[in-house]
>>> print(open('coords.cif').read())   # mmCIF, C-alpha atoms
data_protein
loop_
_atom_site.label_atom_id
_atom_site.label_comp_id
_atom_site.auth_asym_id
_atom_site.auth_seq_id
_atom_site.Cartn_x
_atom_site.Cartn_y
_atom_site.Cartn_z
CA MET Q 86 -10.66 17.59 13.88
CA ALA Q 87 -7.06 16.44 14.13
CA LEU Q 88 -6.32 13.19 15.88
CA VAL Q 89 -4.55 13.90 19.17
CA PRO Q 90 -3.12 10.87 21.01
CA ASN Q 91 -4.46 10.25 24.49
CA HIS Q 92 -2.25 7.87 26.41
CA THR Q 93 -4.81 6.84 29.04
CA PRO Q 94 -4.93 3.01 28.97
CA ALA Q 95 -8.14 1.06 28.68
CA THR Q 96 -9.84 0.72 32.08
CA ARG Q 97 -12.46 -1.75 33.28
CA LEU Q 98 -15.89 -0.27 34.04
CA ASP Q 99 -18.91 -2.24 35.30
CA GLY Q 100 -18.15 -5.37 33.29
CA GLY Q 101 -16.97 -3.32 30.33
CA PHE Q 102 -14.04 -1.11 29.39
CA MET Q 103 -13.40 2.51 28.68
CA SER Q 104 -11.09 2.22 25.74
CA ARG Q 105 -9.40 4.47 23.23
CA MET Q 106 -10.90 4.10 19.77
CA ILE Q 107 -10.29 5.83 16.47
CA LYS Q 108 -13.38 7.15 14.72
CA PHE Q 109 -14.28 9.81 12.16
CA ALA Q 110 -17.33 12.08 12.06
CA GLN Q 111 -17.14 13.01 8.36
CA ALA Q 112 -15.58 11.65 5.20
CA GLY Q 113 -12.23 13.12 4.23
CA GLY Q 114 -8.47 12.84 4.43
CA PRO Q 115 -6.43 11.26 7.24
CA GLU Q 116 -6.92 14.39 9.35
CA VAL Q 117 -10.59 13.46 10.01
CA LEU Q 118 -9.45 10.58 12.22
CA GLU Q 119 -9.67 11.23 15.95
CA PHE Q 120 -9.19 9.37 19.20
CA ILE Q 121 -12.21 9.07 21.45
CA GLU Q 122 -12.81 7.41 24.80
CA MET Q 123 -15.60 4.89 24.34
CA GLY Q 124 -17.23 2.27 26.51
CA VAL Q 125 -16.87 -1.32 25.33
CA PRO Q 126 -19.62 -3.39 26.95
CA ALA Q 127 -19.61 -7.01 27.91
CA PRO Q 128 -19.93 -9.14 24.77
CA GLY Q 129 -23.35 -10.16 23.51
CA PRO Q 130 -24.37 -13.83 23.04
CA HIS Q 131 -22.23 -14.42 19.92
CA GLU Q 132 -19.59 -11.79 20.52
CA ILE Q 133 -15.99 -11.85 21.71
CA ARG Q 134 -14.17 -9.00 23.41
CA ILE Q 135 -10.52 -8.69 22.42
CA LYS Q 136 -7.61 -6.74 23.87
CA VAL Q 137 -5.92 -5.67 20.65
CA LYS Q 138 -2.17 -6.11 20.20
CA ALA Q 139 -1.82 -5.35 16.48
CA ILE Q 140 -4.01 -3.96 13.67
CA GLY Q 141 -3.61 -4.74 9.97
CA ILE Q 142 -4.12 -1.74 7.68
CA ASN Q 143 -5.94 -2.21 4.39
CA ARG Q 144 -6.67 -0.04 1.37
CA ALA Q 145 -10.33 -0.63 2.25
CA ASP Q 146 -9.76 1.48 5.39
CA SER Q 147 -8.83 4.49 3.26
CA MET Q 148 -11.74 3.97 0.88
CA TRP Q 149 -14.11 3.66 3.85
CA ARG Q 150 -12.75 6.86 5.40
CA ASN Q 151 -13.30 8.66 2.09
CA ASP Q 152 -16.83 7.21 1.64
CA ARG Q 153 -15.71 5.45 -1.54
CA TYR Q 154 -16.31 1.90 -0.35
CA VAL Q 155 -18.95 -0.73 -1.15
CA GLU Q 156 -21.07 0.58 1.73
CA SER Q 157 -21.27 4.08 3.22
CA PRO Q 158 -20.26 4.87 6.79
CA ILE Q 159 -22.80 5.82 9.44
CA PHE Q 160 -21.18 8.60 11.46
CA PRO Q 161 -19.39 8.60 13.77
CA ALA Q 162 -17.78 5.57 12.16
CA GLY Q 163 -15.03 3.19 13.22
CA LEU Q 164 -12.50 1.55 10.94
CA GLY Q 165 -10.64 -1.69 10.45
CA TYR Q 166 -11.15 -5.35 9.60
CA ASP Q 167 -7.88 -6.95 10.71
CA CYS Q 168 -6.51 -7.25 14.22
CA ALA Q 169 -4.85 -9.74 16.53
CA GLY Q 170 -5.00 -9.89 20.29
CA VAL Q 171 -6.09 -11.76 23.38
CA VAL Q 172 -9.65 -12.75 24.32
CA ASP Q 173 -10.82 -10.77 27.34
CA ALA Q 174 -14.43 -12.02 27.54
CA VAL Q 175 -16.86 -14.16 25.58
CA GLY Q 176 -20.63 -14.06 25.13
CA LYS Q 177 -22.84 -16.75 26.61
CA ASP Q 178 -23.34 -18.64 23.32
CA VAL Q 179 -19.66 -18.66 22.32
CA THR Q 180 -18.35 -22.23 22.46
CA ASP Q 181 -15.04 -22.28 20.55
CA PHE Q 182 -13.13 -19.56 22.40
CA ALA Q 183 -12.14 -18.85 25.98
CA VAL Q 184 -10.58 -16.01 27.94
CA ALA Q 185 -6.81 -15.70 27.25
CA ASP Q 186 -7.00 -17.33 23.81
CA THR Q 187 -4.79 -15.63 21.24
CA VAL Q 188 -6.94 -14.77 18.23
CA SER Q 189 -7.23 -12.68 15.09
CA THR Q 190 -10.20 -11.33 13.16
CA LEU Q 191 -11.51 -12.14 9.70
CA PRO Q 192 -12.97 -9.43 7.41
CA ALA Q 193 -16.43 -10.94 7.81
CA PHE Q 194 -18.56 -8.12 9.17
CA SER Q 195 -19.96 -4.70 8.30
CA LEU Q 196 -17.78 -1.77 9.38
CA ASN Q 197 -20.98 -0.09 10.52
CA LYS Q 198 -21.37 -2.82 13.15
CA TYR Q 199 -17.83 -3.75 14.18
CA PHE Q 200 -14.34 -2.33 13.75
CA THR Q 201 -10.78 -3.02 14.89
CA TYR Q 202 -9.16 0.41 15.41
CA GLY Q 203 -9.27 0.31 19.20
CA GLU Q 204 -7.47 -0.88 22.31
CA VAL Q 205 -10.38 -3.16 23.22
CA ILE Q 206 -12.95 -4.18 20.62
CA LEU Q 207 -15.93 -6.46 20.13
CA ALA Q 208 -16.11 -8.92 17.24
CA PRO Q 209 -18.72 -11.47 16.15
CA ASP Q 210 -17.56 -15.00 16.95
CA HIS Q 211 -17.88 -16.13 13.31
CA ALA Q 212 -15.20 -13.58 12.41
CA VAL Q 213 -12.66 -14.67 15.02
CA VAL Q 214 -10.06 -17.42 14.58
CA LYS Q 215 -7.29 -18.87 16.69
CA HIS Q 216 -4.00 -18.41 14.93
CA PRO Q 217 -0.99 -20.72 14.97
CA GLU Q 218 1.47 -20.14 17.79
CA SER Q 219 4.19 -19.68 15.18
CA LEU Q 220 2.67 -16.32 14.18
CA SER Q 221 3.49 -13.11 16.00
CA PHE Q 222 0.69 -10.66 16.73
CA VAL Q 223 1.95 -8.51 13.85
CA GLU Q 224 1.83 -11.44 11.41
CA ALA Q 225 -1.55 -12.63 12.66
CA ALA Q 226 -3.02 -9.16 12.14
CA SER Q 227 -1.84 -9.19 8.54
CA VAL Q 228 -2.86 -12.51 7.02
CA TRP Q 229 -6.62 -12.82 6.67
CA MET Q 230 -7.62 -9.96 4.38
CA MET Q 231 -4.68 -10.47 2.03
CA PHE Q 232 -4.85 -14.24 1.67
CA MET Q 233 -8.62 -14.72 1.80
CA THR Q 234 -9.16 -12.03 -0.84
CA ALA Q 235 -6.78 -13.71 -3.29
CA TYR Q 236 -7.94 -17.22 -2.35
CA GLY Q 237 -11.61 -16.50 -3.10
CA ALA Q 238 -10.96 -15.26 -6.63
CA LEU Q 239 -8.10 -17.51 -7.70
CA VAL Q 240 -8.90 -20.79 -5.95
CA VAL Q 241 -12.65 -20.80 -5.30
CA ASP Q 242 -13.90 -19.03 -8.43
CA ALA Q 243 -11.20 -19.25 -11.13
CA ARG Q 244 -9.87 -22.61 -9.90
CA VAL Q 245 -6.42 -21.79 -11.17
CA LYS Q 246 -4.30 -24.84 -11.90
CA ALA Q 247 -0.85 -25.85 -12.99
CA GLY Q 248 0.26 -23.91 -16.05
CA ASP Q 249 -2.37 -21.15 -15.85
CA LEU Q 250 -0.95 -17.67 -16.33
CA VAL Q 251 -2.26 -15.06 -13.89
CA ILE Q 252 -1.75 -11.30 -14.33
CA ILE Q 253 -1.49 -9.47 -10.98
CA PRO Q 254 -1.66 -5.64 -11.13
CA ALA Q 255 -0.53 -3.66 -8.05
CA ALA Q 256 1.57 -6.70 -7.25
CA SER Q 257 3.51 -5.11 -4.39
CA SER Q 258 0.34 -4.56 -2.35
CA SER Q 259 -0.39 -7.08 0.41
CA VAL Q 260 -3.17 -8.72 -1.64
CA GLY Q 261 -0.99 -8.68 -4.76
CA LEU Q 262 1.81 -10.49 -2.92
CA ALA Q 263 -0.72 -12.96 -1.51
CA ALA Q 264 -1.99 -13.59 -5.05
CA ILE Q 265 1.56 -14.35 -6.21
CA GLN Q 266 1.98 -16.91 -3.42
CA ILE Q 267 -1.42 -18.52 -3.99
CA ALA Q 268 -0.85 -18.74 -7.74
CA ASN Q 269 2.48 -20.47 -7.11
CA HIS Q 270 0.87 -22.77 -4.53
CA ALA Q 271 -1.60 -23.88 -7.23
CA GLY Q 272 1.16 -24.42 -9.78
CA ALA Q 273 0.08 -21.40 -11.81
CA ILE Q 274 2.46 -18.80 -13.25
CA PRO Q 275 2.14 -15.29 -11.77
CA ILE Q 276 2.88 -12.25 -13.96
CA ALA Q 277 3.34 -9.29 -11.61
CA LEU Q 278 2.63 -5.74 -12.77
CA THR Q 279 4.33 -2.76 -11.15
CA GLY Q 280 4.81 0.82 -12.22
CA THR Q 281 8.59 1.02 -12.56
CA SER Q 282 11.57 -1.30 -12.36
CA ASP Q 283 12.30 -0.27 -8.75
CA LYS Q 284 10.40 -3.22 -7.28
CA LYS Q 285 11.22 -5.82 -9.95
CA LYS Q 286 13.90 -7.61 -7.95
CA ARG Q 287 11.76 -7.80 -4.81
CA LEU Q 288 8.77 -9.10 -6.77
CA HIS Q 289 10.88 -11.86 -8.32
CA GLU Q 290 12.14 -12.71 -4.82
CA ALA Q 291 8.50 -12.78 -3.64
CA GLY Q 292 7.72 -15.47 -6.21
CA ALA Q 293 6.68 -13.67 -9.38
CA ALA Q 294 7.74 -15.70 -12.42
CA HIS Q 295 7.60 -12.56 -14.58
CA VAL Q 296 7.48 -8.85 -13.72
CA VAL Q 297 6.33 -6.11 -16.11
CA ALA Q 298 7.04 -2.43 -15.33
CA THR Q 299 3.98 -0.88 -16.93
CA GLN Q 300 5.34 2.67 -17.11
CA GLU Q 301 8.43 1.45 -18.96
CA GLN Q 302 7.15 -1.49 -21.01
CA ASP Q 303 4.18 -2.29 -23.23
CA MET Q 304 2.27 -4.56 -20.87
CA VAL Q 305 0.16 -6.28 -23.54
CA ALA Q 306 3.18 -6.95 -25.75
CA GLU Q 307 5.15 -8.32 -22.80
CA VAL Q 308 2.36 -10.67 -21.72
CA MET Q 309 1.98 -11.91 -25.28
CA ARG Q 310 5.73 -12.47 -25.48
CA ILE Q 311 5.72 -14.37 -22.17
CA THR Q 312 2.75 -16.50 -23.25
CA ASN Q 313 3.94 -17.08 -26.83
CA GLY Q 314 0.98 -15.09 -28.13
CA ARG Q 315 -1.71 -16.99 -26.22
CA GLY Q 316 -2.44 -14.49 -23.47
CA ALA Q 317 -3.07 -15.12 -19.79
CA ARG Q 318 -6.09 -16.97 -18.44
CA VAL Q 319 -6.79 -14.73 -15.39
CA ALA Q 320 -6.22 -11.10 -14.38
CA PHE Q 321 -6.78 -10.11 -10.74
CA ASP Q 322 -7.23 -6.34 -10.75
CA PRO Q 323 -7.70 -3.87 -7.86
CA VAL Q 324 -7.28 -0.79 -10.04
CA GLY Q 325 -9.85 -0.50 -12.85
CA GLY Q 326 -9.68 2.67 -14.95
CA ALA Q 327 -8.36 2.87 -18.50
CA ASP Q 328 -5.94 -0.02 -18.02
CA LEU Q 329 -8.78 -2.54 -17.81
CA ALA Q 330 -8.90 -2.56 -21.62
CA LYS Q 331 -5.20 -3.48 -21.68
CA LEU Q 332 -5.79 -6.36 -19.27
CA ILE Q 333 -8.56 -7.68 -21.51
CA ALA Q 334 -6.25 -7.40 -24.52
CA ALA Q 335 -3.63 -9.43 -22.63
CA LEU Q 336 -6.01 -12.34 -21.92
CA THR Q 337 -6.53 -15.51 -23.87
CA ASN Q 338 -9.93 -16.50 -25.29
CA GLU Q 339 -12.52 -16.91 -22.51
CA GLY Q 340 -10.10 -15.32 -20.05
CA ILE Q 341 -11.39 -13.81 -16.80
CA VAL Q 342 -10.75 -10.40 -15.26
CA TYR Q 343 -11.65 -10.04 -11.58
CA ILE Q 344 -12.20 -6.42 -10.52
CA TYR Q 345 -11.93 -6.31 -6.74
CA GLY Q 346 -11.00 -2.66 -6.19
CA ALA Q 347 -11.30 0.78 -7.70
CA LEU Q 348 -7.95 2.40 -6.95
CA SER Q 349 -8.17 4.42 -10.16
CA GLU Q 350 -10.54 7.35 -9.85
CA ASP Q 351 -10.93 7.47 -13.64
CA ASP Q 352 -13.82 5.93 -15.55
CA THR Q 353 -13.41 2.30 -16.52
CA PRO Q 354 -14.31 1.90 -20.21
CA ILE Q 355 -15.41 -1.51 -21.44
CA PRO Q 356 -13.97 -2.59 -24.85
CA VAL Q 357 -17.13 -4.33 -25.98
CA LEU Q 358 -15.97 -5.59 -29.40
CA GLU Q 359 -12.74 -7.00 -27.95
CA MET Q 360 -14.75 -8.78 -25.26
CA ILE Q 361 -17.13 -10.23 -27.82
CA ARG Q 362 -14.25 -11.39 -29.97
CA LYS Q 363 -12.48 -13.10 -27.07
CA MET Q 364 -15.62 -14.02 -25.09
CA THR Q 365 -13.97 -12.37 -22.09
CA ILE Q 366 -15.52 -12.66 -18.64
CA VAL Q 367 -15.34 -9.53 -16.45
CA LYS Q 368 -16.39 -10.18 -12.85
CA GLY Q 369 -16.90 -7.87 -9.95
CA TYR Q 370 -15.37 -9.70 -7.00
CA SER Q 371 -15.57 -9.27 -3.24
CA ILE Q 372 -14.06 -11.23 -0.37
CA ARG Q 373 -17.67 -11.75 0.71
CA LEU Q 374 -17.72 -14.67 -1.72
CA VAL Q 375 -15.90 -16.61 1.00
CA THR Q 376 -16.48 -14.65 4.21
CA GLY Q 377 -20.23 -14.44 3.67
CA ASP Q 378 -20.74 -18.20 3.55
CA GLU Q 379 -19.96 -20.37 6.58
CA ALA Q 380 -18.68 -23.40 4.67
CA ARG Q 381 -16.52 -21.31 2.33
CA ARG Q 382 -15.26 -19.23 5.23
CA LYS Q 383 -14.12 -22.32 7.13
CA ALA Q 384 -12.52 -23.77 3.99
CA ALA Q 385 -10.63 -20.51 3.45
CA VAL Q 386 -9.36 -20.47 7.02
CA ASP Q 387 -8.24 -24.08 6.66
CA TYR Q 388 -6.49 -23.34 3.35
CA VAL Q 389 -4.62 -20.32 4.72
CA THR Q 390 -3.74 -22.04 8.00
CA LYS Q 391 -2.28 -25.05 6.20
CA GLY Q 392 -0.46 -22.80 3.74
CA LEU Q 393 1.11 -20.84 6.61
CA ALA Q 394 2.12 -24.06 8.38
CA SER Q 395 3.76 -25.49 5.25
CA GLY Q 396 5.55 -22.27 4.40
CA ALA Q 397 3.76 -21.94 1.04
CA LEU Q 398 2.09 -18.78 2.37
CA LYS Q 399 3.91 -16.15 4.38
CA PRO Q 400 2.81 -12.60 5.21
CA VAL Q 401 5.06 -9.84 3.91
CA ILE Q 402 5.25 -6.93 6.36
CA ASP Q 403 6.16 -3.56 4.90
CA ARG Q 404 6.32 -1.34 7.98
CA ILE Q 405 5.15 -1.26 11.59
CA PHE Q 406 3.71 1.88 13.20
CA LYS Q 407 2.34 2.75 16.64
CA PHE Q 408 -1.38 3.23 17.31
CA ASP Q 409 -0.84 6.90 18.18
CA ASP Q 410 0.52 7.50 14.66
CA MET Q 411 -2.62 6.49 12.75
CA VAL Q 412 -2.90 9.74 10.79
CA GLU Q 413 0.66 9.22 9.53
CA VAL Q 414 -0.23 5.59 8.82
CA HIS Q 415 -3.10 6.61 6.52
CA ARG Q 416 -0.94 9.18 4.76
CA TYR Q 417 1.72 6.54 4.19
CA LEU Q 418 -0.93 4.09 2.93
CA GLU Q 419 -2.22 6.58 0.39
CA ASN Q 420 1.26 7.25 -1.00
CA SER Q 421 1.07 3.67 -2.39
CA GLY Q 422 4.77 3.06 -1.90
CA GLN Q 423 4.54 0.07 0.40
CA PHE Q 424 5.68 -3.46 -0.35
CA GLY Q 425 3.39 -5.72 1.64
CA LYS Q 426 1.25 -5.13 4.70
CA ILE Q 427 1.26 -2.09 6.99
CA VAL Q 428 0.67 -3.03 10.63
CA VAL Q 429 0.02 -0.93 13.73
CA THR Q 430 0.94 -2.14 17.24
CA LEU Q 431 -0.56 -1.22 20.59
#
>>> encode(input="coords.cif", output="C-alpha cells")
Amino acid sequence: MALVPNHTPATRLDGGFMSRMIKFAQAGGPEVLEFIEMGVPAPGPHEIRIKVKAIGINRADSMWRNDRYVESPIFPAGLGYDCAGVVDAVGKDVTDFAVADTVSTLPAFSLNKYFTYGEVILAPDHAVVKHPESLSFVEAASVWMMFMTAYGALVVDARVKAGDLVIIPAASSSVGLAAIQIANHAGAIPIALTGTSDKKKRLHEAGAAHVVATQEQDMVAEVMRITNGRGARVAFDPVGGADLAKLIAALTNEGIVYIYGALSEDDTPIPVLEMIRKMTIVKGYSIRLVTGDEARRKAAVDYVTKGLASGALKPVIDRIFKFDDMVEVHRYLENSGQFGKIVVTL
C-alpha cells in the first residue's frame, strides 16, 4: 500500500495520544511504508513519551524494511532508532528526565519494541539522553547512531592510537564521516575509500588524511604506498562482499577488519591463506557492544558529548526532508549518493 500523508496532528486521548506513525505490513521497497493513526499510551514505569521534532535516517532502516537486518520485523512493524524532541510524559520510575526536557534517543532497543518514525513515540529511559543546548533538533537526531557505532569499534575495541592507520570504506556515509572524526580525535590517520573522485575534495575537508577512489585506483596498492608497504592496522567496513579480500590484503600483520554492515548483496569470500599468513582478525561488530552494556553506554554518551562540546566531533547533515515525504526519503537513501546524515523534520 502506498504511503499517503494524513495531516491530522497528534491529539490527546485519555492520557495518551492519537498520533501519526509510519509502519509497514510486509517487507519490500519504500512503497510498503504507510501512515497509520495509532494510540500512544501513557508511558510505562521506565518509559518516556516524546513529541518528535526530527528523525535521523539510517541505512539500518532500509535493511529492516527489507527484512535484511540482524533481527526480523514482526508485522506491522515500525522503524527508526534516532530522533530528537521534547518530553511529553515520563513513567513513574523515571528519575533523570522531566516534562519539557529536550532529548534525543540512542539506538539501544529492539525495533520490534520501540521505534521513532512517529509524531509522538515511546522510548525506554535507558535509551534517552539530554542533548547540549548548542545542538539543533536536526543535529541531535543525527549524532548517536553515527558516532556511537564508530566509537565502539575504533575506541572501545580496537583502541586506535596516534599513528594508527584506519581504512574507512563508504566514507561519505554518516558513520564513515564519524569514523574519520573519531580516528582524528585519537591521533590516528584515516584513509577514506569512495567510489569515484567526485567526493575526494569533500572527504579531505571532512578530515580524511588520504582518499582512495576505488573505481579509479588500485586500493591495495594505494594503501601500501601511503603506508610505505606496511599496511593499515584497522579497516572499518560496512560493505562486505568481494572487496573484503582487498581490505585484508591492505592490512598489516595482525590487522583487524570490523564488518558492521552488509551493503553488498554478494557473497563475502574469506581469503584463508592470506589471513593465516598475516594473522588477520576479522570481527563481526554491532553497536550493541556499547549500547547493550550500561557502563559502556554511559561512557559512549560522555565521549560523544565531550567531543561535540570541544568541536572534535560534528554531525554532517546531507539533506533535510519532511515527515510526509518518507517514501522519497527511503528512495534517496537507497541511491547511496548522500554525504552525511539524512534527517526528517516534523
>>> resolve_selection(input="coords.cif", expression="the PyMOL selection byres ((chain Q and resi 320) around 9)", output="PyMOL selection string")
chain Q and resi 250-254+317-319+321-322+332-333+335-336+340-344
>>> write_last_selection(input="coords.cif", atoms="C-alpha atoms", output="short mmCIF file (atom, residue, chain, number, x, y, z; two decimals), keeping the file's coordinate frame")
data_model
loop_
_atom_site.label_atom_id
_atom_site.label_comp_id
_atom_site.auth_asym_id
_atom_site.auth_seq_id
_atom_site.Cartn_x
_atom_site.Cartn_y
_atom_site.Cartn_z
CA LEU Q 250 -0.95 -17.67 -16.33
CA VAL Q 251 -2.26 -15.06 -13.89
CA ILE Q 252 -1.75 -11.30 -14.33
CA ILE Q 253 -1.49 -9.47 -10.98
CA PRO Q 254 -1.66 -5.64 -11.13
CA ALA Q 317 -3.07 -15.12 -19.79
CA ARG Q 318 -6.09 -16.97 -18.44
CA VAL Q 319 -6.79 -14.73 -15.39
CA PHE Q 321 -6.78 -10.11 -10.74
CA ASP Q 322 -7.23 -6.34 -10.75
CA LEU Q 332 -5.79 -6.36 -19.27
CA ILE Q 333 -8.56 -7.68 -21.51
CA ALA Q 335 -3.63 -9.43 -22.63
CA LEU Q 336 -6.01 -12.34 -21.92
CA GLY Q 340 -10.10 -15.32 -20.05
CA ILE Q 341 -11.39 -13.81 -16.80
CA VAL Q 342 -10.75 -10.40 -15.26
CA TYR Q 343 -11.65 -10.04 -11.58
CA ILE Q 344 -12.20 -6.42 -10.52
#
>>> resolve_selection(input="coords.cif", expression="the PyMOL selection byres ((chain Q and resi 155-164) around 6)", output="PyMOL selection string")
chain Q and resi 108-110+152+154+165+200+202
>>> closest_residue(input="coords.cif", among="Q:Leu220, Q:Ala238, Q:Lys136, Q:Ala298", to="Lys286 in chain Q", atoms="all atoms listed in the file")
Q:Ala298
>>> closest_residue(input="coords.cif", among="Q:Ser257, Q:Gln111, Q:Asn269, Q:Thr190", to="Trp229 in chain Q", atoms="only C-alpha atoms")
Q:Thr190
>>> closest_residue(input="coords.cif", among="Q:Glu204, Q:Val241, Q:Phe222, Q:Arg310", to="Ala380 in chain Q", atoms="only C-alpha atoms")
Q:Val241
>>> residues_near_point(input="coords.cif", point="(-6.4, 2.4, 19.9)", cutoff="12 Å", atoms="all atoms listed in the file", output="PyMOL selection string")
chain Q and resi 88-95+103-108+118-123+136-140+163-165+168+200-206+407-411+429-431
>>> atom_distance(input="coords.cif", atom1="CA of Arg362 in chain Q", atom2="CA of Ala243 in chain Q")
20.6 Å
>>> closest_residue(input="coords.cif", among="Q:Ile135, Q:Val245, Q:Ile366, Q:Val375", to="Thr187 in chain Q", atoms="all atoms listed in the file")
Q:Ile135
>>> atom_distance(input="coords.cif", atom1="CA of Val228 in chain Q", atom2="CA of Tyr199 in chain Q")
18.8 Å
>>> resolve_selection(input="coords.cif", expression="the PyMOL selection byres ((chain Q and resi 179) around 8)", output="PyMOL selection string")
chain Q and resi 130-133+175-178+180-182+210
>>> closest_residue(input="coords.cif", among="Q:Ala256, Q:Leu196, Q:Ala347, Q:Ala183", to="Gly422 in chain Q", atoms="only C-alpha atoms")
Q:Ala256
>>> closest_atom_pairs(input="coords.cif", of="range 178-245 of chain Q", to="range 384-395 of chain Q", cutoff="10 Å", atoms="all atoms listed in the file", output="CSV")
residue,atom,partner,partner_atom,distance
Q:Leu191,CA,Q:Val386,CA,9.0
Q:Val214,CA,Q:Val386,CA,8.2
Q:Lys215,CA,Q:Thr390,CA,9.9
Q:His216,CA,Q:Thr390,CA,7.8
Q:Pro217,CA,Q:Thr390,CA,7.6
Q:Ser219,CA,Q:Ala394,CA,8.3
Q:Leu220,CA,Q:Leu393,CA,9.0
Q:Val228,CA,Q:Val389,CA,8.3
Q:Trp229,CA,Q:Val389,CA,8.0
Q:Phe232,CA,Q:Val389,CA,6.8
Q:Met233,CA,Q:Ala385,CA,6.3
Q:Thr234,CA,Q:Ala385,CA,9.6
Q:Tyr236,CA,Q:Ala385,CA,7.2
Q:Gly237,CA,Q:Ala385,CA,7.7
Q:Val240,CA,Q:Ala385,CA,9.6
Q:Val241,CA,Q:Ala385,CA,9.0
>>> atom_distance(input="coords.cif", atom1="CA of His295 in chain Q", atom2="CA of Ile276 in chain Q")
4.8 Å
>>> closest_residue(input="coords.cif", among="Q:Thr376, Q:Thr353, Q:Gln300, Q:Asn197", to="Ala330 in chain Q", atoms="only C-alpha atoms")
Q:Thr353
>>> residues_around(input="coords.cif", residues="Gly248 in chain Q", least_positions_apart="5", cutoff="7 Å", atoms="all atoms listed in the file", output="list in words")
Gly272, Ala273 and Ile274 of chain Q
>>> residues_near_point(input="coords.cif", point="(8.1, -10.3, 4.2)", cutoff="6 Å", atoms="only C-alpha atoms", output="PyMOL selection string")
chain Q and resi 400-402
>>> residues_around(input="coords.cif", residues="Ala174 in chain Q", least_positions_apart="3", cutoff="7 Å", atoms="all atoms listed in the file", output="list in words")
Pro128, Ile133, Arg134 and Val184 of chain Q
>>> build_atoms(input="coords.cif", residues="range 297-310 of chain Q", atoms="N, CA, C and O atoms", output="PDB file, in the frame of the given file")
ATOM      1  N   VAL Q 297       6.425  -7.107 -15.046  1.00  0.00           N
ATOM      2  CA  VAL Q 297       6.330  -6.110 -16.110  1.00  0.00           C
ATOM      3  C   VAL Q 297       6.192  -4.731 -15.460  1.00  0.00           C
ATOM      4  O   VAL Q 297       5.289  -4.507 -14.640  1.00  0.00           O
ATOM      5  N   ALA Q 298       7.110  -3.816 -15.794  1.00  0.00           N
ATOM      6  CA  ALA Q 298       7.040  -2.430 -15.330  1.00  0.00           C
ATOM      7  C   ALA Q 298       6.190  -1.640 -16.323  1.00  0.00           C
ATOM      8  O   ALA Q 298       6.641  -1.296 -17.416  1.00  0.00           O
ATOM      9  N   THR Q 299       4.958  -1.370 -15.964  1.00  0.00           N
ATOM     10  CA  THR Q 299       3.980  -0.880 -16.930  1.00  0.00           C
ATOM     11  C   THR Q 299       4.239   0.539 -17.410  1.00  0.00           C
ATOM     12  O   THR Q 299       3.742   0.930 -18.468  1.00  0.00           O
ATOM     13  N   GLN Q 300       5.008   1.320 -16.655  1.00  0.00           N
ATOM     14  CA  GLN Q 300       5.340   2.670 -17.110  1.00  0.00           C
ATOM     15  C   GLN Q 300       6.542   2.674 -18.051  1.00  0.00           C
ATOM     16  O   GLN Q 300       6.840   3.695 -18.678  1.00  0.00           O
ATOM     17  N   GLU Q 301       7.218   1.541 -18.141  1.00  0.00           N
ATOM     18  CA  GLU Q 301       8.430   1.450 -18.960  1.00  0.00           C
ATOM     19  C   GLU Q 301       8.297   0.458 -20.105  1.00  0.00           C
ATOM     20  O   GLU Q 301       9.090   0.484 -21.043  1.00  0.00           O
ATOM     21  N   GLN Q 302       7.311  -0.436 -20.012  1.00  0.00           N
ATOM     22  CA  GLN Q 302       7.150  -1.490 -21.010  1.00  0.00           C
ATOM     23  C   GLN Q 302       5.714  -1.521 -21.508  1.00  0.00           C
ATOM     24  O   GLN Q 302       4.780  -1.090 -20.807  1.00  0.00           O
ATOM     25  N   ASP Q 303       5.516  -2.066 -22.690  1.00  0.00           N
ATOM     26  CA  ASP Q 303       4.180  -2.290 -23.230  1.00  0.00           C
ATOM     27  C   ASP Q 303       3.648  -3.575 -22.593  1.00  0.00           C
ATOM     28  O   ASP Q 303       4.085  -4.677 -22.918  1.00  0.00           O
ATOM     29  N   MET Q 304       2.728  -3.412 -21.651  1.00  0.00           N
ATOM     30  CA  MET Q 304       2.270  -4.560 -20.870  1.00  0.00           C
ATOM     31  C   MET Q 304       1.674  -5.652 -21.748  1.00  0.00           C
ATOM     32  O   MET Q 304       1.979  -6.842 -21.587  1.00  0.00           O
ATOM     33  N   VAL Q 305       0.812  -5.271 -22.692  1.00  0.00           N
ATOM     34  CA  VAL Q 305       0.160  -6.280 -23.540  1.00  0.00           C
ATOM     35  C   VAL Q 305       1.202  -7.032 -24.361  1.00  0.00           C
ATOM     36  O   VAL Q 305       1.174  -8.271 -24.445  1.00  0.00           O
ATOM     37  N   ALA Q 306       2.140  -6.307 -24.944  1.00  0.00           N
ATOM     38  CA  ALA Q 306       3.180  -6.950 -25.750  1.00  0.00           C
ATOM     39  C   ALA Q 306       4.033  -7.887 -24.905  1.00  0.00           C
ATOM     40  O   ALA Q 306       4.403  -8.990 -25.356  1.00  0.00           O
ATOM     41  N   GLU Q 307       4.336  -7.477 -23.690  1.00  0.00           N
ATOM     42  CA  GLU Q 307       5.150  -8.320 -22.800  1.00  0.00           C
ATOM     43  C   GLU Q 307       4.418  -9.596 -22.417  1.00  0.00           C
ATOM     44  O   GLU Q 307       4.994 -10.683 -22.404  1.00  0.00           O
ATOM     45  N   VAL Q 308       3.134  -9.463 -22.079  1.00  0.00           N
ATOM     46  CA  VAL Q 308       2.360 -10.670 -21.720  1.00  0.00           C
ATOM     47  C   VAL Q 308       2.267 -11.604 -22.911  1.00  0.00           C
ATOM     48  O   VAL Q 308       2.400 -12.828 -22.777  1.00  0.00           O
ATOM     49  N   MET Q 309       2.052 -11.056 -24.098  1.00  0.00           N
ATOM     50  CA  MET Q 309       1.980 -11.910 -25.280  1.00  0.00           C
ATOM     51  C   MET Q 309       3.328 -12.570 -25.570  1.00  0.00           C
ATOM     52  O   MET Q 309       3.386 -13.733 -25.984  1.00  0.00           O
ATOM     53  N   ARG Q 310       4.402 -11.860 -25.311  1.00  0.00           N
ATOM     54  CA  ARG Q 310       5.730 -12.470 -25.480  1.00  0.00           C
ATOM     55  C   ARG Q 310       5.929 -13.600 -24.479  1.00  0.00           C
ATOM     56  O   ARG Q 310       6.372 -14.703 -24.847  1.00  0.00           O
TER      57      ARG Q 310
END
